[in-house]
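Next comes model.cif, a file with mmCIF, C-alpha atoms and all ligand atoms.
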```
data_final
loop_
_atom_site.group_PDB
_atom_site.id
_atom_site.type_symbol
_atom_site.label_atom_id
_atom_site.label_comp_id
_atom_site.auth_asym_id
_atom_site.auth_seq_id
_atom_site.Cartn_x
_atom_site.Cartn_y
_atom_site.Cartn_z
ATOM 1 C CA MET A 4 0.000 0.000 0.000
ATOM 2 C CA PHE A 5 2.725 2.430 1.034
ATOM 3 C CA GLY A 6 4.702 1.523 -2.060
ATOM 4 C CA THR A 7 1.773 2.448 -4.308
ATOM 5 C CA ILE A 8 1.461 5.920 -2.747
ATOM 6 C CA VAL A 9 5.176 6.547 -3.254
ATOM 7 C CA TRP A 10 4.972 5.579 -6.900
ATOM 8 C CA VAL A 11 1.926 7.739 -7.493
ATOM 9 C CA ALA A 12 3.740 10.674 -5.874
ATOM 10 C CA ILE A 13 6.818 10.090 -8.029
ATOM 11 C CA GLY A 14 4.595 9.841 -11.096
ATOM 12 C CA LEU A 15 2.885 13.144 -10.294
ATOM 13 C CA LEU A 16 6.225 14.873 -9.700
ATOM 14 C CA LEU A 17 7.501 13.530 -13.013
ATOM 15 C CA VAL A 18 4.407 14.792 -14.839
ATOM 16 C CA ARG A 19 4.840 18.249 -13.282
ATOM 17 C CA TYR A 20 8.522 18.258 -14.187
ATOM 18 C CA ILE A 21 7.859 17.352 -17.834
ATOM 19 C CA TRP A 22 5.003 19.908 -17.961
ATOM 20 C CA LYS A 23 7.370 22.640 -16.725
ATOM 21 C CA ILE A 24 10.065 21.745 -19.255
ATOM 22 C CA GLY A 25 7.469 21.761 -22.043
ATOM 23 C CA PHE A 26 6.278 25.227 -21.087
ATOM 24 C CA GLY A 27 9.858 26.467 -20.715
ATOM 25 C CA MET A 28 10.648 25.310 -24.236
ATOM 26 C CA LEU A 29 7.494 26.914 -25.591
ATOM 27 C CA ARG A 30 8.369 30.209 -23.905
ATOM 28 C CA GLY A 31 11.929 29.978 -25.216
ATOM 29 C CA MET A 32 10.630 29.638 -28.773
ATOM 30 C CA THR A 33 8.079 32.442 -28.615
ATOM 31 C CA THR A 34 10.297 35.015 -26.876
ATOM 32 C CA SER A 35 13.403 34.835 -29.033
ATOM 33 C CA LEU A 36 13.831 38.634 -29.067
ATOM 34 C CA PRO A 37 16.936 39.883 -27.272
ATOM 35 C CA PRO A 38 16.287 41.770 -24.042
ATOM 36 C CA PRO A 39 16.413 45.572 -24.319
ATOM 37 C CA PRO A 40 19.569 47.258 -23.027
ATOM 38 C CA PRO A 41 19.438 48.353 -19.383
ATOM 39 C CA THR A 42 17.866 51.759 -18.891
ATOM 40 C CA GLY A 43 21.130 53.089 -17.497
ATOM 41 C CA GLU A 44 22.643 52.813 -20.976
ATOM 42 C CA MET A 45 19.798 54.702 -22.626
ATOM 43 C CA ARG A 46 19.870 58.470 -22.991
ATOM 44 C CA ARG A 47 16.850 60.602 -22.254
ATOM 45 C CA ILE A 48 16.457 62.827 -25.297
ATOM 46 C CA ASN A 49 13.722 64.954 -26.765
ATOM 47 C CA VAL A 50 13.910 65.040 -30.532
ATOM 48 C CA ARG A 51 11.004 65.493 -32.896
ATOM 49 C CA TYR A 52 10.886 64.196 -36.417
ATOM 50 C CA ARG A 53 8.577 64.975 -39.284
ATOM 51 C CA CYS A 54 8.027 62.960 -42.406
ATOM 52 C CA SER A 55 8.590 65.218 -45.399
ATOM 53 C CA VAL A 56 6.258 63.084 -47.533
ATOM 54 C CA CYS A 57 3.087 62.660 -45.460
ATOM 55 C CA GLY A 58 3.738 65.126 -42.626
ATOM 56 C CA VAL A 59 3.489 62.698 -39.731
ATOM 57 C CA GLU A 60 5.389 63.821 -36.640
ATOM 58 C CA LEU A 61 6.848 61.791 -33.830
ATOM 59 C CA ARG A 62 8.891 62.454 -30.735
ATOM 60 C CA LEU A 63 11.808 60.366 -29.584
ATOM 61 C CA THR A 64 12.377 60.324 -25.844
ATOM 62 C CA MET A 65 14.860 57.488 -25.389
ATOM 63 C CA ALA A 66 17.796 56.418 -27.512
ATOM 64 C CA PRO A 67 21.062 54.559 -27.026
ATOM 65 C CA ASP A 68 22.936 57.724 -28.001
ATOM 66 C CA GLU A 69 22.164 61.426 -28.138
ATOM 67 C CA GLN A 70 22.104 61.698 -31.913
ATOM 68 C CA PRO A 71 20.359 58.584 -33.181
ATOM 69 C CA PRO A 72 19.933 58.123 -36.921
ATOM 70 C CA PRO A 73 16.566 59.516 -38.051
ATOM 71 C CA PRO A 74 13.755 56.994 -38.383
ATOM 72 C CA ARG A 75 12.312 56.318 -41.805
ATOM 73 C CA HIS A 76 8.761 56.899 -42.950
ATOM 74 C CA CYS A 77 7.337 56.679 -46.455
ATOM 75 C CA LEU A 78 10.721 55.202 -47.442
ATOM 76 C CA GLU A 79 12.428 58.528 -46.646
ATOM 77 C CA ASP A 80 14.529 59.620 -43.678
ATOM 78 C CA MET A 81 12.450 61.840 -41.424
ATOM 79 C CA ASP A 82 13.489 65.475 -40.882
ATOM 80 C CA VAL A 83 14.539 66.628 -37.439
ATOM 81 C CA ILE A 84 12.341 69.447 -36.146
ATOM 82 C CA VAL A 85 14.531 71.947 -34.333
ATOM 83 C CA PRO A 86 12.588 73.069 -31.271
ATOM 84 C CA ALA A 87 11.810 76.784 -31.401
ATOM 85 C CA GLU A 88 12.814 78.507 -28.184
HETATM 86 ZN ZN ZN B 1 5.368 59.428 -44.068
#
```
Could I get this file's structure written as structure tokens?
Amino acid sequence: MFGTIVWVAIGLLLVRYIWKIGFGMLRGMTTSLPPPPPTGEMRRINVRYRCSVCGVELRLTMAPDEQPPPPRHCLEDMDVIVPAE
């Protein structure tokens, strides 16, 4: 009787173990993107860009360096909007 309980317990542990490994593998496959760099390495900036083709504007607040290459929109590099002061 005692032996049966032990085996059932071992079986349940084994099932849990395999279940965990399965989920770990699934997660490993779906999240293959590299982690973002730590925030300490990012610079807080405030640059605005405008698309010269369609006129869309966007603001960049974080970048790995202070003068990041301009993003592209409508297959063209966006123009930097110099803030009027
Ligand atoms: Zn555009």
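The set of residues that the PyMOL selection byres (((chain A and resi 79) around 12) and not hetatm) takes from this file is Tyr52, Arg53, Cys54, Ser55, Val56, Cys57, Gly58, Pro73, Pro74, Arg75, His76, Cys77, Leu78, Asp80, Met81 and Asp82 of chain A.
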Legend entry - Neighbour residues at most 10 Å from (11.6, 68.4, -29.6) (all atoms listed in the file) as a PyMOL selection string: chain A and resi 48-52+61-64+83-87
Inset, instruction - Figure out the distance between CA of Ala12 in chain A and CA of Ile24 in chain A, please, to one decimal in Å. - result: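 Going from CA of Ile24 in chain A over to CA of Ala12 in chain A, I get 18.5 Å.
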